[in-house]
Every structure is written in C-alpha cells, then in structure tokens.
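Asker: The structure is given below, and queries will be raised subsequently.
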Amino acid sequence: MCREAVRFMLVNDVTAEGADISRMVVRVWLPDRPGALGLVASRIGALGADIVGIDVLERSEHVAVDEFAIVLPRPDLVKLLVREIEEVDGASVEEWRLVDRFPDARLDALESVERLCDVESIADVAIALVQSVRNEFTADWAAVIRGEYVCASVGSGAPSGDVLAALAAGTAASPAVASGEAGPDDLATAPLLAIDAVLLVGREGHAFRKRERRQLIALARIAGKLATK
C-alpha cells in the first residue's frame, strides 16, 4: 500500500448496530518501509477485525505515526489486537481508545468552519472556536487569550490567564512550535494574528501530532479572518 495515498476514510456501513461491536482507534508507530503497513493490516484482519480508516498523523525520515479506525467483532479482543500489532518488527502502539464514533479529520474541520461562519462578533468567534476545537480534537480544554485576558474558555482543567499567557509566550518563542512542526505532547497553540490573540488547546494522555497542529493553525487563521470581517 502506498503511504502517500492513504487518507482517513469514514465508513458508516461497516459499523452496523450490534451489542458486541466495538469501535476502536489505535495510534501506531511504524517503520517507514515498504510492507510495514500491510503487515499490521494483516495482523488486524487475522482477528476478524475490519480497518475502516487510516490517518497519517506524522511522518519523519524513518518512522510514521498512523491512526487506525478499527471495528472489532468483540470487545474482549482489544488487548490481543494490541499485542498482535506489536508483533510486527518495529511497530509500537502509542495508545488506543474505544469511541462511539470515528473521527473524520476533513469532515470535522469543515463542520468547524461552518460553525465559525454562522457567528458575527469577535467574542462569538472566540467562543465558537474553542467549542469546535475541543470537540474536533477531543481535547480536555481550549482557550483563546489576549495578553492575560481569557476571551473564551471551555472544558475542565484549563490554566488561569497568567499561566496561559506564559504558555503562549513560551511556545511562540520556538519557530518549530509556531509552525506546527513540534510542540509539547499535551499542548497545541495557534496564533490569531488578526485579533492579536492566541488559541491554546490541552489534551492529557493523547499526544498532539504534526497533522493535528497544522490543522489547528489553519482553523485559527480562518477564525481570525472571520473575526475581522
């Protein structure tokens, strides 16, 4: 399978109603070499599970981070599936979680933009942005700040305004973080240059990856432009 051609695809028909059906998202570190993805897919299929989507979250010279959306025939197969994946040479499961619905990065992003387009004031844009981002990125919290003033915040565990301001200043000082190339596992940020504000998003135990950081930055750019219309 050509990795460059892989996209996350949502397949609703596979997840027919049934008490034993489990929807599972698995994030896997894979050696970026021909055949590695196919070997993992074979291990998953051998358990009777269906891969209904693959999202390439990050890729370096030798390693890729892929997220698999999997339908399991029985929930008690979860731990066995993780072990089977890690039997592939060089493969490592970063995390797994059971979900009610599979994420679809492209559709979720479009729906977030649609919600932003429905608001009119700068304050409402900030509120809609943090709400959309928290849902889209399954985050613990999201906030928009200007200086130490919290324009909008949603979720539990968000730091105070002065701590958010310090986090924003620290991440902005790094070109790699500002461009979305890197950053703390539990924090993603994006500038709202048009309104001199910063979007910060926190997520414990579920590391932000490069594709997600870039998606967040793009969404913040759109929000900033809408806020100044």
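Lettering and numbering for the structure tokens are positional, with chains as A, B, ... in the shown order, residues counted from 1 in each chain, and ligands counted from 1 in the shown order.
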Quick one: contact table of region 153-221 of chain A to region 101-121 of chain A, 12 Å max, nearest atom pair and distance in Å to one decimal per residue, counting only C-alpha atoms, chain and number order, as a Markdown table?
Answerer:
```
| residue | atom | partner | partner_atom | distance |
| --- | --- | --- | --- | --- |
| A:Ile195 | CA | A:Ser121 | CA | 11.8 |
| A:Arg211 | CA | A:Ala105 | CA | 9.7 |
| A:Glu212 | CA | A:Ala105 | CA | 8.7 |
| A:Arg214 | CA | A:Ala109 | CA | 11.7 |
| A:Gln215 | CA | A:Ala109 | CA | 7.9 |
| A:Leu216 | CA | A:Ala109 | CA | 9.1 |
| A:Ile217 | CA | A:Ala109 | CA | 11.6 |
| A:Ala218 | CA | A:Ala109 | CA | 9.6 |
| A:Leu219 | CA | A:Val113 | CA | 7.3 |
| A:Ala220 | CA | A:Val113 | CA | 9.9 |
| A:Arg221 | CA | A:Val113 | CA | 10.8 |
```
Asker: Can you check which residues of chain A DSSP gives as helix (DSSP H, G or I) on the backbone and send them as a PyMOL selection string?
Answerer: chain A and resi 3-5+36-46+75-86+105-117+122-136+161-172+175-178+193-195+210-227
Asker: What's the 9 Å shell around Glu94 (chain A), counting only C-alpha atoms, without same-chain residues fewer than 6 positions away, as number ranges by chain?
Answerer: A: 26-29, 65, 206
Asker: Check chain A with DSSP on the backbone and list each residue it calls strand (DSSP E), as an mmCIF file with N, CA and C atoms, in the first residue's frame.
Answerer:
```
data_model
loop_
_atom_site.group_PDB
_atom_site.id
_atom_site.type_symbol
_atom_site.label_atom_id
_atom_site.label_comp_id
_atom_site.auth_asym_id
_atom_site.auth_seq_id
_atom_site.Cartn_x
_atom_site.Cartn_y
_atom_site.Cartn_z
ATOM 1 N N SER A 22 -17.349 -3.210 18.690
ATOM 2 C CA SER A 22 -16.577 -2.170 19.367
ATOM 3 C C SER A 22 -15.829 -1.347 18.338
ATOM 4 N N ARG A 23 -15.899 -0.040 18.483
ATOM 5 C CA ARG A 23 -15.167 0.872 17.608
ATOM 6 C C ARG A 23 -13.907 1.305 18.353
ATOM 7 N N MET A 24 -12.787 1.159 17.717
ATOM 8 C CA MET A 24 -11.504 1.359 18.383
ATOM 9 C C MET A 24 -10.595 2.203 17.498
ATOM 10 N N VAL A 25 -9.931 3.166 18.098
ATOM 11 C CA VAL A 25 -8.921 3.961 17.395
ATOM 12 C C VAL A 25 -7.562 3.621 18.002
ATOM 13 N N VAL A 26 -6.628 3.202 17.147
ATOM 14 C CA VAL A 26 -5.295 2.782 17.591
ATOM 15 C C VAL A 26 -4.244 3.634 16.903
ATOM 16 N N ARG A 27 -3.378 4.236 17.695
ATOM 17 C CA ARG A 27 -2.275 5.043 17.140
ATOM 18 C C ARG A 27 -0.998 4.211 17.184
ATOM 19 N N VAL A 28 -0.361 4.051 16.035
ATOM 20 C CA VAL A 28 0.756 3.118 15.894
ATOM 21 C C VAL A 28 1.972 3.822 15.300
ATOM 22 N N TRP A 29 3.123 3.586 15.915
ATOM 23 C CA TRP A 29 4.413 3.981 15.333
ATOM 24 C C TRP A 29 4.877 2.853 14.428
ATOM 25 N N LEU A 30 5.165 3.200 13.193
ATOM 26 C CA LEU A 30 5.571 2.190 12.211
ATOM 27 C C LEU A 30 6.877 2.592 11.548
ATOM 28 N N PRO A 31 7.753 1.626 11.287
ATOM 29 C CA PRO A 31 8.930 1.937 10.466
ATOM 30 C C PRO A 31 8.459 2.296 9.061
ATOM 31 N N ASP A 50 -12.081 -5.261 11.251
ATOM 32 C CA ASP A 50 -12.100 -4.504 9.997
ATOM 33 C C ASP A 50 -11.430 -3.151 10.195
ATOM 34 N N ILE A 51 -10.500 -2.810 9.311
ATOM 35 C CA ILE A 51 -9.921 -1.468 9.293
ATOM 36 C C ILE A 51 -10.821 -0.610 8.403
ATOM 37 N N VAL A 52 -11.430 0.414 8.985
ATOM 38 C CA VAL A 52 -12.328 1.263 8.208
ATOM 39 C C VAL A 52 -11.727 2.635 7.923
ATOM 40 N N GLY A 53 -10.537 2.895 8.430
ATOM 41 C CA GLY A 53 -9.878 4.162 8.136
ATOM 42 C C GLY A 53 -8.450 4.182 8.625
ATOM 43 N N ILE A 54 -7.609 4.937 7.931
ATOM 44 C CA ILE A 54 -6.218 5.147 8.347
ATOM 45 C C ILE A 54 -5.897 6.615 8.143
ATOM 46 N N ASP A 55 -5.337 7.228 9.164
ATOM 47 C CA ASP A 55 -4.940 8.631 9.096
ATOM 48 C C ASP A 55 -3.449 8.727 9.379
ATOM 49 N N VAL A 56 -2.703 9.307 8.456
ATOM 50 C CA VAL A 56 -1.261 9.516 8.654
ATOM 51 C C VAL A 56 -1.089 10.827 9.421
ATOM 52 N N LEU A 57 -0.740 10.723 10.702
ATOM 53 C CA LEU A 57 -0.640 11.893 11.558
ATOM 54 C C LEU A 57 0.719 12.565 11.498
ATOM 55 N N GLU A 58 1.742 11.796 11.241
ATOM 56 C CA GLU A 58 3.088 12.353 11.271
ATOM 57 C C GLU A 58 4.026 11.417 10.522
ATOM 58 N N ARG A 59 5.028 11.994 9.908
ATOM 59 C CA ARG A 59 5.984 11.168 9.184
ATOM 60 C C ARG A 59 7.355 11.833 9.228
ATOM 61 N N VAL A 63 10.245 6.946 10.414
ATOM 62 C CA VAL A 63 9.099 6.499 11.212
ATOM 63 C C VAL A 63 7.854 7.275 10.799
ATOM 64 N N ALA A 64 6.728 6.575 10.807
ATOM 65 C CA ALA A 64 5.432 7.220 10.580
ATOM 66 C C ALA A 64 4.526 6.927 11.769
ATOM 67 N N VAL A 65 3.648 7.871 12.073
ATOM 68 C CA VAL A 65 2.641 7.670 13.109
ATOM 69 C C VAL A 65 1.285 7.611 12.409
ATOM 70 N N ASP A 66 0.678 6.438 12.428
ATOM 71 C CA ASP A 66 -0.601 6.214 11.760
ATOM 72 C C ASP A 66 -1.685 5.957 12.797
ATOM 73 N N GLU A 67 -2.888 6.419 12.506
ATOM 74 C CA GLU A 67 -4.023 6.164 13.382
ATOM 75 C C GLU A 67 -5.033 5.302 12.628
ATOM 76 N N PHE A 68 -5.323 4.126 13.173
ATOM 77 C CA PHE A 68 -6.228 3.174 12.555
ATOM 78 C C PHE A 68 -7.602 3.256 13.224
ATOM 79 N N ALA A 69 -8.651 3.292 12.428
ATOM 80 C CA ALA A 69 -10.016 3.144 12.913
ATOM 81 C C ALA A 69 -10.430 1.706 12.644
ATOM 82 N N ILE A 70 -10.766 0.996 13.705
ATOM 83 C CA ILE A 70 -10.972 -0.456 13.610
ATOM 84 C C ILE A 70 -12.312 -0.836 14.229
ATOM 85 N N VAL A 71 -13.011 -1.722 13.546
ATOM 86 C CA VAL A 71 -14.228 -2.313 14.102
ATOM 87 C C VAL A 71 -13.896 -3.722 14.566
ATOM 88 N N LEU A 72 -14.044 -3.947 15.863
ATOM 89 C CA LEU A 72 -13.757 -5.255 16.456
ATOM 90 C C LEU A 72 -15.042 -6.079 16.581
ATOM 91 N N SER A 92 4.958 -0.143 17.183
ATOM 92 C CA SER A 92 4.693 0.110 18.600
ATOM 93 C C SER A 92 3.370 0.856 18.725
ATOM 94 N N VAL A 93 2.512 0.392 19.609
ATOM 95 C CA VAL A 93 1.225 1.055 19.836
ATOM 96 C C VAL A 93 1.438 2.186 20.834
ATOM 97 N N GLU A 94 1.217 3.411 20.388
ATOM 98 C CA GLU A 94 1.347 4.567 21.279
ATOM 99 C C GLU A 94 0.159 4.653 22.222
ATOM 100 N N GLU A 95 -1.033 4.405 21.697
ATOM 101 C CA GLU A 95 -2.237 4.451 22.520
ATOM 102 C C GLU A 95 -3.400 3.824 21.765
ATOM 103 N N TRP A 96 -4.433 3.471 22.493
ATOM 104 C CA TRP A 96 -5.680 3.028 21.868
ATOM 105 C C TRP A 96 -6.830 3.539 22.719
ATOM 106 N N ARG A 97 -7.979 3.682 22.097
ATOM 107 C CA ARG A 97 -9.172 4.101 22.834
ATOM 108 C C ARG A 97 -10.418 3.601 22.102
ATOM 109 N N LEU A 98 -11.440 3.296 22.877
ATOM 110 C CA LEU A 98 -12.735 2.926 22.325
ATOM 111 C C LEU A 98 -13.554 4.200 22.130
ATOM 112 N N TRP A 141 -9.477 20.793 27.230
ATOM 113 C CA TRP A 141 -9.861 22.194 27.323
ATOM 114 C C TRP A 141 -9.314 22.973 26.130
ATOM 115 N N ALA A 142 -9.898 24.134 25.891
ATOM 116 C CA ALA A 142 -9.419 25.044 24.850
ATOM 117 C C ALA A 142 -9.702 26.467 25.307
ATOM 118 N N ALA A 143 -8.809 27.382 24.962
ATOM 119 C CA ALA A 143 -8.967 28.769 25.396
ATOM 120 C C ALA A 143 -8.383 29.719 24.353
ATOM 121 N N VAL A 144 -8.978 30.883 24.254
ATOM 122 C CA VAL A 144 -8.437 31.988 23.457
ATOM 123 C C VAL A 144 -8.081 33.104 24.431
ATOM 124 N N ILE A 145 -6.840 33.578 24.360
ATOM 125 C CA ILE A 145 -6.411 34.644 25.268
ATOM 126 C C ILE A 145 -5.836 35.817 24.476
ATOM 127 N N ARG A 146 -5.956 36.980 25.089
ATOM 128 C CA ARG A 146 -5.316 38.197 24.570
ATOM 129 C C ARG A 146 -4.576 38.813 25.735
ATOM 130 N N TYR A 149 -5.824 38.203 29.399
ATOM 131 C CA TYR A 149 -7.283 38.186 29.425
ATOM 132 C C TYR A 149 -7.798 36.961 28.659
ATOM 133 N N VAL A 150 -8.647 36.170 29.308
ATOM 134 C CA VAL A 150 -9.221 34.983 28.682
ATOM 135 C C VAL A 150 -10.487 35.392 27.938
ATOM 136 N N CYS A 151 -10.407 35.404 26.607
ATOM 137 C CA CYS A 151 -11.556 35.806 25.787
ATOM 138 C C CYS A 151 -12.644 34.738 25.785
ATOM 139 N N ALA A 152 -12.225 33.477 25.781
ATOM 140 C CA ALA A 152 -13.175 32.355 25.784
ATOM 141 C C ALA A 152 -12.446 31.117 26.270
ATOM 142 N N SER A 153 -13.157 30.269 27.001
ATOM 143 C CA SER A 153 -12.553 29.044 27.511
ATOM 144 C C SER A 153 -13.639 27.992 27.667
ATOM 145 N N VAL A 154 -13.275 26.739 27.414
ATOM 146 C CA VAL A 154 -14.218 25.642 27.551
ATOM 147 C C VAL A 154 -13.468 24.406 28.021
ATOM 148 N N GLY A 155 -14.154 23.551 28.791
ATOM 149 C CA GLY A 155 -13.532 22.316 29.255
ATOM 150 C C GLY A 155 -13.032 22.428 30.676
ATOM 151 N N LEU A 187 -0.025 19.936 24.627
ATOM 152 C CA LEU A 187 -0.435 21.307 24.339
ATOM 153 C C LEU A 187 -0.226 21.635 22.867
ATOM 154 N N ALA A 188 -1.218 22.293 22.268
ATOM 155 C CA ALA A 188 -1.091 22.804 20.905
ATOM 156 C C ALA A 188 -1.546 24.259 20.908
ATOM 157 N N THR A 189 -0.863 25.089 20.150
ATOM 158 C CA THR A 189 -1.202 26.510 20.112
ATOM 159 C C THR A 189 -1.281 26.992 18.669
ATOM 160 N N ALA A 190 -2.016 28.081 18.489
ATOM 161 C CA ALA A 190 -2.123 28.685 17.160
ATOM 162 C C ALA A 190 -2.384 30.178 17.333
ATOM 163 N N PRO A 191 -1.670 31.031 16.605
ATOM 164 C CA PRO A 191 -1.889 32.471 16.735
ATOM 165 C C PRO A 191 -3.151 32.913 15.996
ATOM 166 N N LEU A 192 -3.826 33.876 16.584
ATOM 167 C CA LEU A 192 -4.937 34.571 15.916
ATOM 168 C C LEU A 192 -4.444 35.989 15.657
ATOM 169 N N ALA A 197 -4.483 37.626 19.338
ATOM 170 C CA ALA A 197 -4.823 36.654 20.368
ATOM 171 C C ALA A 197 -4.158 35.321 20.059
ATOM 172 N N VAL A 198 -4.287 34.378 20.983
ATOM 173 C CA VAL A 198 -3.677 33.052 20.822
ATOM 174 C C VAL A 198 -4.695 31.993 21.239
ATOM 175 N N LEU A 199 -4.759 30.928 20.464
ATOM 176 C CA LEU A 199 -5.579 29.769 20.790
ATOM 177 C C LEU A 199 -4.686 28.713 21.420
ATOM 178 N N LEU A 200 -5.077 28.201 22.579
ATOM 179 C CA LEU A 200 -4.338 27.131 23.251
ATOM 180 C C LEU A 200 -5.287 25.969 23.508
ATOM 181 N N VAL A 201 -4.785 24.745 23.290
ATOM 182 C CA VAL A 201 -5.605 23.551 23.444
ATOM 183 C C VAL A 201 -4.827 22.524 24.251
ATOM 184 N N GLY A 202 -5.447 21.973 25.292
ATOM 185 C CA GLY A 202 -4.790 20.986 26.152
ATOM 186 C C GLY A 202 -5.438 19.619 26.053
#
```
Asker: Just want the 7 Å neighbourhood of Ile85 (chain A), counted on only C-alpha atoms, with same-chain residues fewer than 5 positions away dropped. Output as an NGL selection string.
Answerer: :A and (40 or 43 or 91)
Asker: Write the residues of the selection above to a file with N, CA and C atoms, as a JSON list (two decimals), in the first residue's frame.
Answerer:
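Output (again24.json):
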```json
[["chain", "number", "residue", "atom", "x", "y", "z"],
["A", 40, "VAL", "N", 0.88, -4.92, 9.42],
["A", 40, "VAL", "CA", -0.02, -4.55, 10.53],
["A", 40, "VAL", "C", -1.47, -4.83, 10.13],
["A", 43, "ARG", "N", -2.27, -8.50, 10.46],
["A", 43, "ARG", "CA", -2.43, -8.92, 11.86],
["A", 43, "ARG", "C", -3.82, -8.54, 12.38],
["A", 91, "ALA", "N", 7.06, -2.07, 15.02],
["A", 91, "ALA", "CA", 5.78, -1.42, 15.29],
["A", 91, "ALA", "C", 5.57, -1.27, 16.79]]
```
Asker: Nearest to Leu47 (chain A) among A:Ser60, A:Leu80, A:Gly35, A:Val125, with distances taken over only C-alpha atoms: which residue is it?
Answerer: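 Once distances to Leu47 (chain A) are computed over only C-alpha atoms, the minimum belongs to A:Leu80.
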Asker: Choose the residue, out of A:Leu39, A:Lys79, A:Ile122, A:Asp162, that has the smallest atom-to-atom separation from Gly224 (chain A); count only C-alpha atoms.
Answerer: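 Once distances to Gly224 (chain A) are computed over only C-alpha atoms, the minimum belongs to A:Ile122.
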Asker: Would you compute the distance between CA of Arg74 (chain A) and CA of Ala41 (chain A)? Give it in Å to one decimal.
Answerer: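 Distance reported for this atom pair: 17.7 Å.
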Asker: I need the residue nearest Val88 (chain A) from this list: A:Ala194, A:Ser160, A:Ser42, A:Gly183. Use only C-alpha atoms for the distance.
Answerer: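 Smallest distance to Val88 (chain A) is found for A:Ser42.
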Asker: Using only C-alpha atoms, can you tell me which of A:Leu81, A:Val177, A:Ala168, A:Ala182 comes closest to Asp196 (chain A)?
Answerer: A:Ala168
Asker: Go ahead and compute the interatomic distance for CA of Asp186 (chain A) and CA of Glu204 (chain A), in Å to one decimal.
Answerer: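 Atom-to-atom, CA of Asp186 (chain A) to CA of Glu204 (chain A), that is 5.3 Å.
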Asker: What separation in Å, quoted to one decimal, exists between CA of Arg134 (chain A) and CA of Ala223 (chain A)?
Answerer: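 Here the two named atoms are 14.7 Å from each other.
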